[in-house]
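A.B. asks: One file is attached below, data.cif, containing mmCIF, C-alpha atoms.
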```cif
data_coords
loop_
_atom_site.group_PDB
_atom_site.id
_atom_site.type_symbol
_atom_site.label_atom_id
_atom_site.label_comp_id
_atom_site.auth_asym_id
_atom_site.auth_seq_id
_atom_site.Cartn_x
_atom_site.Cartn_y
_atom_site.Cartn_z
ATOM 1 C CA MET A 286 119.426 95.401 98.629
ATOM 2 C CA ASN A 287 120.278 95.395 94.929
ATOM 3 C CA LYS A 288 123.915 94.313 94.528
ATOM 4 C CA ILE A 289 126.277 94.157 91.583
ATOM 5 C CA ASN A 290 128.772 91.308 92.029
ATOM 6 C CA GLY A 291 128.588 91.631 95.825
ATOM 7 C CA TYR A 292 128.879 95.434 96.158
ATOM 8 C CA THR A 293 125.844 97.627 96.582
ATOM 9 C CA GLU A 294 125.177 99.924 93.658
ATOM 10 C CA GLU A 295 126.408 102.853 95.800
ATOM 11 C CA GLU A 296 129.652 101.025 96.650
ATOM 12 C CA ALA A 297 130.217 100.141 93.003
ATOM 13 C CA THR A 298 129.596 103.760 91.959
ATOM 14 C CA GLY A 299 131.987 104.961 94.675
ATOM 15 C CA LEU A 300 134.734 102.577 93.566
ATOM 16 C CA ILE A 301 134.389 103.547 89.903
ATOM 17 C CA GLU A 302 134.419 107.266 90.761
ATOM 18 C CA TYR A 303 137.483 106.725 92.964
ATOM 19 C CA ILE A 304 139.352 104.917 90.200
ATOM 20 C CA TYR A 305 138.246 107.368 87.500
ATOM 21 C CA THR A 306 139.366 110.363 89.568
ATOM 22 C CA GLY A 307 142.615 108.666 90.597
ATOM 23 C CA LYS A 308 143.533 107.626 87.059
ATOM 24 C CA ASN A 309 142.907 111.191 85.836
ATOM 25 C CA ALA A 310 145.264 112.380 88.595
ATOM 26 C CA GLY A 311 147.972 110.038 87.257
ATOM 27 C CA LYS A 312 147.700 107.331 89.932
ATOM 28 C CA THR A 313 148.322 103.686 89.046
ATOM 29 C CA LEU A 314 145.577 101.119 89.322
ATOM 30 C CA SER A 315 147.666 99.164 91.809
ATOM 31 C CA TYR A 316 147.937 102.213 94.059
ATOM 32 C CA LEU A 317 144.207 102.946 93.713
ATOM 33 C CA PHE A 318 143.218 99.354 94.552
ATOM 34 C CA GLU A 319 145.443 99.432 97.634
ATOM 35 C CA THR A 320 144.311 102.822 98.945
ATOM 36 C CA TYR A 321 140.628 102.145 98.246
ATOM 37 C CA GLY A 322 140.974 98.800 100.001
ATOM 38 C CA LYS A 323 142.528 100.412 103.081
ATOM 39 C CA GLU A 324 139.867 103.126 103.217
ATOM 40 C CA HIS A 325 137.043 100.577 102.934
ATOM 41 C CA SER A 326 138.518 97.641 104.885
ATOM 42 C CA ARG A 327 138.919 95.464 101.814
ATOM 43 C CA ALA A 328 141.939 93.590 100.523
ATOM 44 C CA LYS A 329 143.752 95.144 97.562
ATOM 45 C CA GLY A 330 143.337 91.926 95.557
ATOM 46 C CA SER A 331 139.643 91.813 96.339
ATOM 47 C CA VAL A 332 139.171 95.377 95.074
ATOM 48 C CA ARG A 333 141.186 94.584 91.930
ATOM 49 C CA ASN A 334 139.186 91.425 91.226
ATOM 50 C CA TYR A 335 135.903 93.270 91.765
ATOM 51 C CA TYR A 336 136.935 96.103 89.442
ATOM 52 C CA TYR A 337 137.796 93.765 86.570
ATOM 53 C CA ALA A 338 134.674 91.639 87.081
ATOM 54 C CA PHE A 339 132.620 94.853 87.114
ATOM 55 C CA LEU A 340 134.125 96.019 83.810
ATOM 56 C CA LYS A 341 133.283 92.661 82.217
ATOM 57 C CA LYS A 342 129.603 93.100 83.138
ATOM 58 C CA GLN A 343 129.156 96.323 81.149
ATOM 59 C CA THR A 344 127.757 94.511 78.109
ATOM 60 C CA GLU A 345 125.083 92.700 80.092
ATOM 61 C CA ASP A 346 123.987 95.005 82.936
ATOM 62 C CA SER A 347 122.422 98.423 82.317
ATOM 63 C CA ARG A 348 123.339 99.580 85.857
ATOM 64 C CA VAL A 349 127.013 98.898 85.110
ATOM 65 C CA GLN A 350 126.718 100.738 81.784
ATOM 66 C CA ARG A 351 125.187 103.738 83.577
ATOM 67 C CA ILE A 352 127.921 103.811 86.251
ATOM 68 C CA LEU A 353 130.682 103.568 83.620
ATOM 69 C CA GLU A 354 129.108 106.053 81.206
ATOM 70 C CA GLY A 355 131.627 108.681 80.075
ATOM 71 C CA LYS A 356 134.424 107.232 82.216
ATOM 72 C CA ASN A 357 136.372 105.521 79.414
ATOM 73 C CA LEU A 358 137.622 102.850 81.823
ATOM 74 C CA SER A 359 138.642 99.546 80.307
ATOM 75 C CA ALA A 360 140.577 96.437 81.164
ATOM 76 C CA GLY A 361 143.333 95.158 78.963
ATOM 77 C CA GLU A 362 142.886 91.711 77.560
ATOM 78 C CA ILE A 363 144.292 88.991 79.804
ATOM 79 C CA LYS A 364 146.952 87.162 77.863
ATOM 80 C CA PRO A 365 147.586 83.740 79.396
ATOM 81 C CA PHE A 366 150.881 81.937 78.897
ATOM 82 C CA THR A 367 150.792 79.156 76.324
ATOM 83 C CA GLU A 368 152.231 75.780 77.336
ATOM 84 C CA GLU A 369 155.312 76.493 75.195
ATOM 85 C CA GLU A 370 155.770 79.944 76.772
ATOM 86 C CA THR A 371 155.404 78.407 80.229
ATOM 87 C CA ASP A 372 158.059 75.766 79.493
ATOM 88 C CA GLU A 373 160.420 78.380 78.035
ATOM 89 C CA MET A 374 159.815 80.699 81.011
ATOM 90 C CA LEU A 375 160.603 77.875 83.443
ATOM 91 C CA LYS A 376 163.818 76.976 81.586
ATOM 92 C CA ARG A 377 165.010 80.575 81.595
ATOM 93 C CA ILE A 378 164.162 81.195 85.257
ATOM 94 C CA LEU A 379 165.754 77.926 86.337
ATOM 95 C CA ALA A 380 168.888 78.678 84.297
ATOM 96 C CA GLU A 381 169.235 81.882 86.335
ATOM 97 C CA ARG A 382 168.511 79.961 89.551
ATOM 98 C CA LYS A 383 171.321 77.565 88.643
ATOM 99 C CA LYS A 384 173.675 80.569 88.699
ATOM 100 C CA GLY A 385 172.695 81.081 92.344
ATOM 101 C CA PHE A 386 170.125 83.858 91.969
ATOM 102 C CA SER A 387 166.964 83.984 94.056
ATOM 103 C CA VAL A 388 163.689 83.355 92.240
ATOM 104 C CA ARG A 389 162.808 87.052 92.274
ATOM 105 C CA ARG A 390 166.232 88.063 90.938
ATOM 106 C CA ALA A 391 166.136 85.292 88.333
ATOM 107 C CA ILE A 392 162.790 86.562 87.046
ATOM 108 C CA MET A 393 164.109 90.132 87.027
ATOM 109 C CA ASN A 394 167.106 89.012 84.949
ATOM 110 C CA VAL A 395 164.914 87.082 82.503
ATOM 111 C CA CYS A 396 162.575 90.069 82.026
ATOM 112 C CA GLY A 397 165.328 92.598 81.424
ATOM 113 C CA GLY A 398 163.586 95.379 83.360
ATOM 114 C CA ASP A 399 160.082 94.920 81.900
ATOM 115 C CA GLU A 400 158.039 95.319 85.095
ATOM 116 C CA LYS A 401 154.735 94.119 83.637
ATOM 117 C CA LEU A 402 156.341 90.967 82.257
ATOM 118 C CA MET A 403 158.144 90.465 85.555
ATOM 119 C CA LEU A 404 154.871 90.608 87.463
ATOM 120 C CA ARG A 405 153.208 88.197 85.020
ATOM 121 C CA MET A 406 156.126 85.740 85.269
ATOM 122 C CA GLN A 407 156.319 86.009 89.031
ATOM 123 C CA ASN A 408 152.608 85.280 89.368
ATOM 124 C CA LYS A 409 152.807 82.413 86.857
ATOM 125 C CA TYR A 410 155.845 80.893 88.592
ATOM 126 C CA ARG A 411 154.179 81.146 91.998
ATOM 127 C CA ASN A 412 151.043 79.571 90.578
ATOM 128 C CA LEU A 413 153.084 76.724 89.064
ATOM 129 C CA LEU A 414 154.838 76.068 92.390
ATOM 130 C CA LYS A 415 151.495 75.895 94.125
ATOM 131 C CA LYS A 416 149.389 74.018 91.582
ATOM 132 C CA GLN A 417 151.891 72.101 89.429
ATOM 133 C CA PRO A 418 154.930 71.471 91.635
ATOM 134 C CA GLU A 419 155.782 68.307 89.699
ATOM 135 C CA ARG A 420 156.179 70.400 86.528
ATOM 136 C CA VAL A 421 158.614 72.753 88.251
ATOM 137 C CA GLU A 422 160.506 69.799 89.790
ATOM 138 C CA ARG A 423 160.801 68.109 86.379
ATOM 139 C CA ALA A 424 162.069 71.325 84.768
ATOM 140 C CA ALA A 425 164.536 71.831 87.649
ATOM 141 C CA ARG A 426 165.875 68.291 87.234
ATOM 142 C CA GLU A 427 166.265 68.864 83.490
ATOM 143 C CA ALA A 428 168.107 72.128 84.222
ATOM 144 C CA GLY A 429 170.357 70.298 86.695
ATOM 145 C CA ILE A 430 169.522 72.360 89.741
ATOM 146 C CA PRO A 431 168.588 71.119 93.212
ATOM 147 C CA GLU A 432 164.949 70.318 93.751
ATOM 148 C CA GLU A 433 162.698 73.281 94.533
ATOM 149 C CA LYS A 434 160.680 72.899 97.695
ATOM 150 C CA SER A 435 156.942 72.978 97.264
ATOM 151 C CA PHE A 436 154.875 75.841 98.584
ATOM 152 C CA LEU A 437 153.416 73.572 101.275
ATOM 153 C CA GLN A 438 156.868 72.291 102.293
ATOM 154 C CA ARG A 439 158.155 75.854 102.742
ATOM 155 C CA LYS A 440 155.045 76.832 104.710
ATOM 156 C CA LEU A 441 155.373 73.788 106.969
ATOM 157 C CA GLU A 442 159.081 74.511 107.558
ATOM 158 C CA ARG A 443 158.271 78.121 108.531
ATOM 159 C CA GLU A 444 155.608 76.927 110.960
ATOM 160 C CA ILE A 445 157.989 74.366 112.503
ATOM 161 C CA ASP A 446 160.723 77.029 112.842
ATOM 162 C CA ALA A 447 158.247 79.375 114.535
ATOM 163 C CA LEU A 448 157.180 76.592 116.911
ATOM 164 C CA TYR A 449 160.822 75.844 117.827
ATOM 165 C CA SER A 450 161.417 79.542 118.453
ATOM 166 C CA ARG A 451 158.399 79.775 120.766
ATOM 167 C CA LEU A 452 159.459 76.604 122.598
ATOM 168 C CA ALA A 453 163.018 77.876 122.957
ATOM 169 C CA ILE A 454 161.798 81.123 124.508
ATOM 170 C CA ASP A 455 159.581 79.234 126.954
ATOM 171 C CA LEU A 456 162.430 76.861 127.873
ATOM 172 C CA ARG A 457 164.847 79.753 128.359
ATOM 173 C CA ARG A 458 162.392 81.474 130.704
ATOM 174 C CA GLU A 459 161.820 78.241 132.643
ATOM 175 C CA ASN A 460 165.573 77.667 132.854
ATOM 176 C CA GLU A 461 166.136 81.215 134.185
ATOM 177 C CA ARG A 462 163.349 80.741 136.748
ATOM 178 C CA LEU A 463 164.853 77.442 137.934
ATOM 179 C CA LYS A 464 168.364 78.946 138.155
ATOM 180 C CA ALA A 465 167.045 81.811 140.258
ATOM 181 C CA GLU A 466 165.215 79.393 142.540
ATOM 182 C CA LEU A 467 168.325 77.207 142.893
ATOM 183 C CA GLU A 468 170.419 80.264 143.749
ATOM 184 C CA LYS A 469 167.834 81.304 146.346
ATOM 185 C CA LEU A 470 167.934 77.821 147.940
ATOM 186 C CA ARG A 471 171.762 77.900 148.028
ATOM 187 C CA ARG A 472 171.727 81.260 149.807
ATOM 188 C CA GLU A 473 169.158 80.039 152.322
ATOM 189 C CA LYS A 474 171.250 76.926 152.999
ATOM 190 C CA GLN A 475 174.370 79.022 153.677
ATOM 191 C CA GLU A 476 172.551 81.220 156.198
#
```
For this file, produce the structure as structure tokens.

C.D. replies:
Amino acid sequence: MNKINGYTEEEATGLIEYIYTGKNAGKTLSYLFETYGKEHSRAKGSVRNYYYAFLKKQTEDSRVQRILEGKNLSAGEIKPFTEEETDEMLKRILAERKKGFSVRRAIMNVCGGDEKLMLRMQNKYRNLLKKQPERVERAAREAGIPEEKSFLQRKLEREIDALYSRLAIDLRRENERLKAELEKLRREKQE
């Protein structure tokens, strides 16, 4: 089977046709990635990543060129944050956090309603928390706000809370069973 980046040529053609038709109907790429993913049992992010990787191959693969011919589909250039922009972004987000706003609200405030910038910042911030927690902690200390918990710490706390909840339910059930049995024994003793 002749594949292009993991999809068969037919699957790739189907995805490109789906996106081309959807874009011409005024649908957003995000919506198209999500709906295509649901229809084909693929994750939205996986479809998105495939689409952009596919577009990058058009200069080197004649099959990709043929599938894209006349579609006028393109990917915008990915603009990574510079180190200075990252530091400035962190300072601004953490200044909003210091005022008591959630991370999401802080980013919204910093972006002033620019949804694309908000998404970029949110993804960058999440990535920093996951891959460079010490950088976020240092910036938080400099901003004078309480230490941010790492991604792994928050995940572990959620798992511990879920475990306690399950244990509490089991203990409650056991307690109710024992109370019922005790009440039954008391009644039998009185008879």

A.B. asks: Show which residues sit within 8 Å of A:Tyr321, as a PyMOL selection string. Count all atoms listed in the file, and ignore same-chain residues fewer than 4 positions away.

C.D. replies: chain A and resi 300+303+317+325+327+329+332

A.B. asks: In Å, rounded to a single decimal, give me how far atom CA of A:Pro365 is from atom CA of A:Gly307.

C.D. replies: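 Result for atom CA of A:Gly307 versus atom CA of A:Pro365: 27.8 Å, one decimal.
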
A.B. asks: Given the PyMOL selection byres ((chain A and resi 407) around 10) and the file above, list the residues it selects as number ranges by chain.

C.D. replies: A: 378, 388-389, 391-393, 401-406, 408-413

A.B. asks: Near A:Ile301, counting all atoms listed in the file, which residues have an atom at most 12 Å away, once you skip same-chain residues fewer than 3 positions from it, shown as an MDAnalysis selection string?

C.D. replies: chainID A and resid 292 294:298 304:308 314 317:318 321 332:333 335:337 339:340 349:359

A.B. asks: Under the rule that only C-alpha atoms are counted, which of A:Leu456, A:Ala428, A:Ala465, A:Ile289 is the nearest residue to A:Asp346?

C.D. replies: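 Going through A:Leu456, A:Ala428, A:Ala465, A:Ile289 one by one, the smallest distance to A:Asp346 is for A:Ile289.
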
A.B. asks: Got a sec to resolve the PyMOL selection byres ((chain A and resi 379-386) around 10) on this structure and send the residues as a list in words?

C.D. replies: Glu373, Met374, Leu375, Lys376, Arg377, Ile378, Ser387, Val388, Arg389, Arg390, Ala391, Ile392, Met393, Asn394, Val395, Val421, Ala424, Ala425, Arg426, Glu427, Ala428, Gly429, Ile430, Pro431 and Glu433 of chain A

A.B. asks: Can you measure atom CA of A:Thr313 to atom CA of A:Ala360 for me? One decimal in Å is fine.

C.D. replies: 13.2 Å

A.B. asks: Hey, can you check how far atom CA of A:Arg420 sits from atom CA of A:Glu368?

C.D. replies: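 One can read the atom CA of A:Arg420 to atom CA of A:Glu368 distance as 11.4 Å.
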
A.B. asks: From the set A:Glu319, A:Phe366, A:Ile445, A:Gly291, which residue has the shortest atom-to-atom contact distance to A:Ala338, counting all atoms listed in the file?

C.D. replies: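 Among A:Glu319, A:Phe366, A:Ile445, A:Gly291, it is A:Gly291 that comes nearest to A:Ala338.
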
A.B. asks: Just add N, CA and C atoms to stretch 304-324 of chain A and send it as a short mmCIF file (atom, residue, chain, number, x, y, z; two decimals), in the coordinates of the input.

C.D. replies:
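Contents of part28.cif, as written:
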```cif
data_model
loop_
_atom_site.label_atom_id
_atom_site.label_comp_id
_atom_site.auth_asym_id
_atom_site.auth_seq_id
_atom_site.Cartn_x
_atom_site.Cartn_y
_atom_site.Cartn_z
N ILE A 304 138.35 105.34 91.19
CA ILE A 304 139.35 104.92 90.20
C ILE A 304 139.42 105.92 89.05
N TYR A 305 138.28 106.39 88.59
CA TYR A 305 138.25 107.37 87.50
C TYR A 305 139.01 108.64 87.90
N THR A 306 138.71 109.15 89.08
CA THR A 306 139.37 110.36 89.57
C THR A 306 140.87 110.13 89.76
N GLY A 307 141.20 108.98 90.36
CA GLY A 307 142.62 108.67 90.60
C GLY A 307 143.41 108.50 89.32
N LYS A 308 142.84 107.81 88.35
CA LYS A 308 143.53 107.63 87.06
C LYS A 308 143.75 108.96 86.37
N ASN A 309 142.76 109.86 86.44
CA ASN A 309 142.91 111.19 85.84
C ASN A 309 143.96 112.02 86.56
N ALA A 310 144.23 111.69 87.82
CA ALA A 310 145.26 112.38 88.60
C ALA A 310 146.63 111.72 88.41
N GLY A 311 146.69 110.68 87.55
CA GLY A 311 147.97 110.04 87.26
C GLY A 311 148.34 108.90 88.18
N LYS A 312 147.42 108.44 89.01
CA LYS A 312 147.70 107.33 89.93
C LYS A 312 147.60 106.00 89.19
N THR A 313 148.37 105.02 89.65
CA THR A 313 148.32 103.69 89.05
C THR A 313 147.14 102.91 89.61
N LEU A 314 146.67 101.96 88.83
CA LEU A 314 145.58 101.12 89.32
C LEU A 314 145.98 100.39 90.60
N SER A 315 147.20 99.89 90.63
CA SER A 315 147.67 99.16 91.81
C SER A 315 147.56 100.04 93.06
N TYR A 316 148.01 101.27 92.94
CA TYR A 316 147.94 102.21 94.06
C TYR A 316 146.48 102.46 94.45
N LEU A 317 145.63 102.66 93.44
CA LEU A 317 144.21 102.95 93.71
C LEU A 317 143.52 101.76 94.38
N PHE A 318 143.82 100.54 93.93
CA PHE A 318 143.22 99.35 94.55
C PHE A 318 143.64 99.27 96.02
N GLU A 319 144.92 99.52 96.27
CA GLU A 319 145.44 99.43 97.63
C GLU A 319 144.83 100.50 98.55
N THR A 320 144.82 101.75 98.08
CA THR A 320 144.31 102.82 98.94
C THR A 320 142.80 102.71 99.14
N TYR A 321 142.07 102.34 98.10
CA TYR A 321 140.63 102.14 98.25
C TYR A 321 140.36 101.01 99.24
N GLY A 322 141.13 99.93 99.10
CA GLY A 322 140.97 98.80 100.00
C GLY A 322 141.19 99.20 101.46
N LYS A 323 142.24 99.97 101.71
CA LYS A 323 142.53 100.41 103.08
C LYS A 323 141.41 101.29 103.62
N GLU A 324 140.92 102.20 102.78
CA GLU A 324 139.87 103.13 103.22
C GLU A 324 138.54 102.42 103.48
#
```
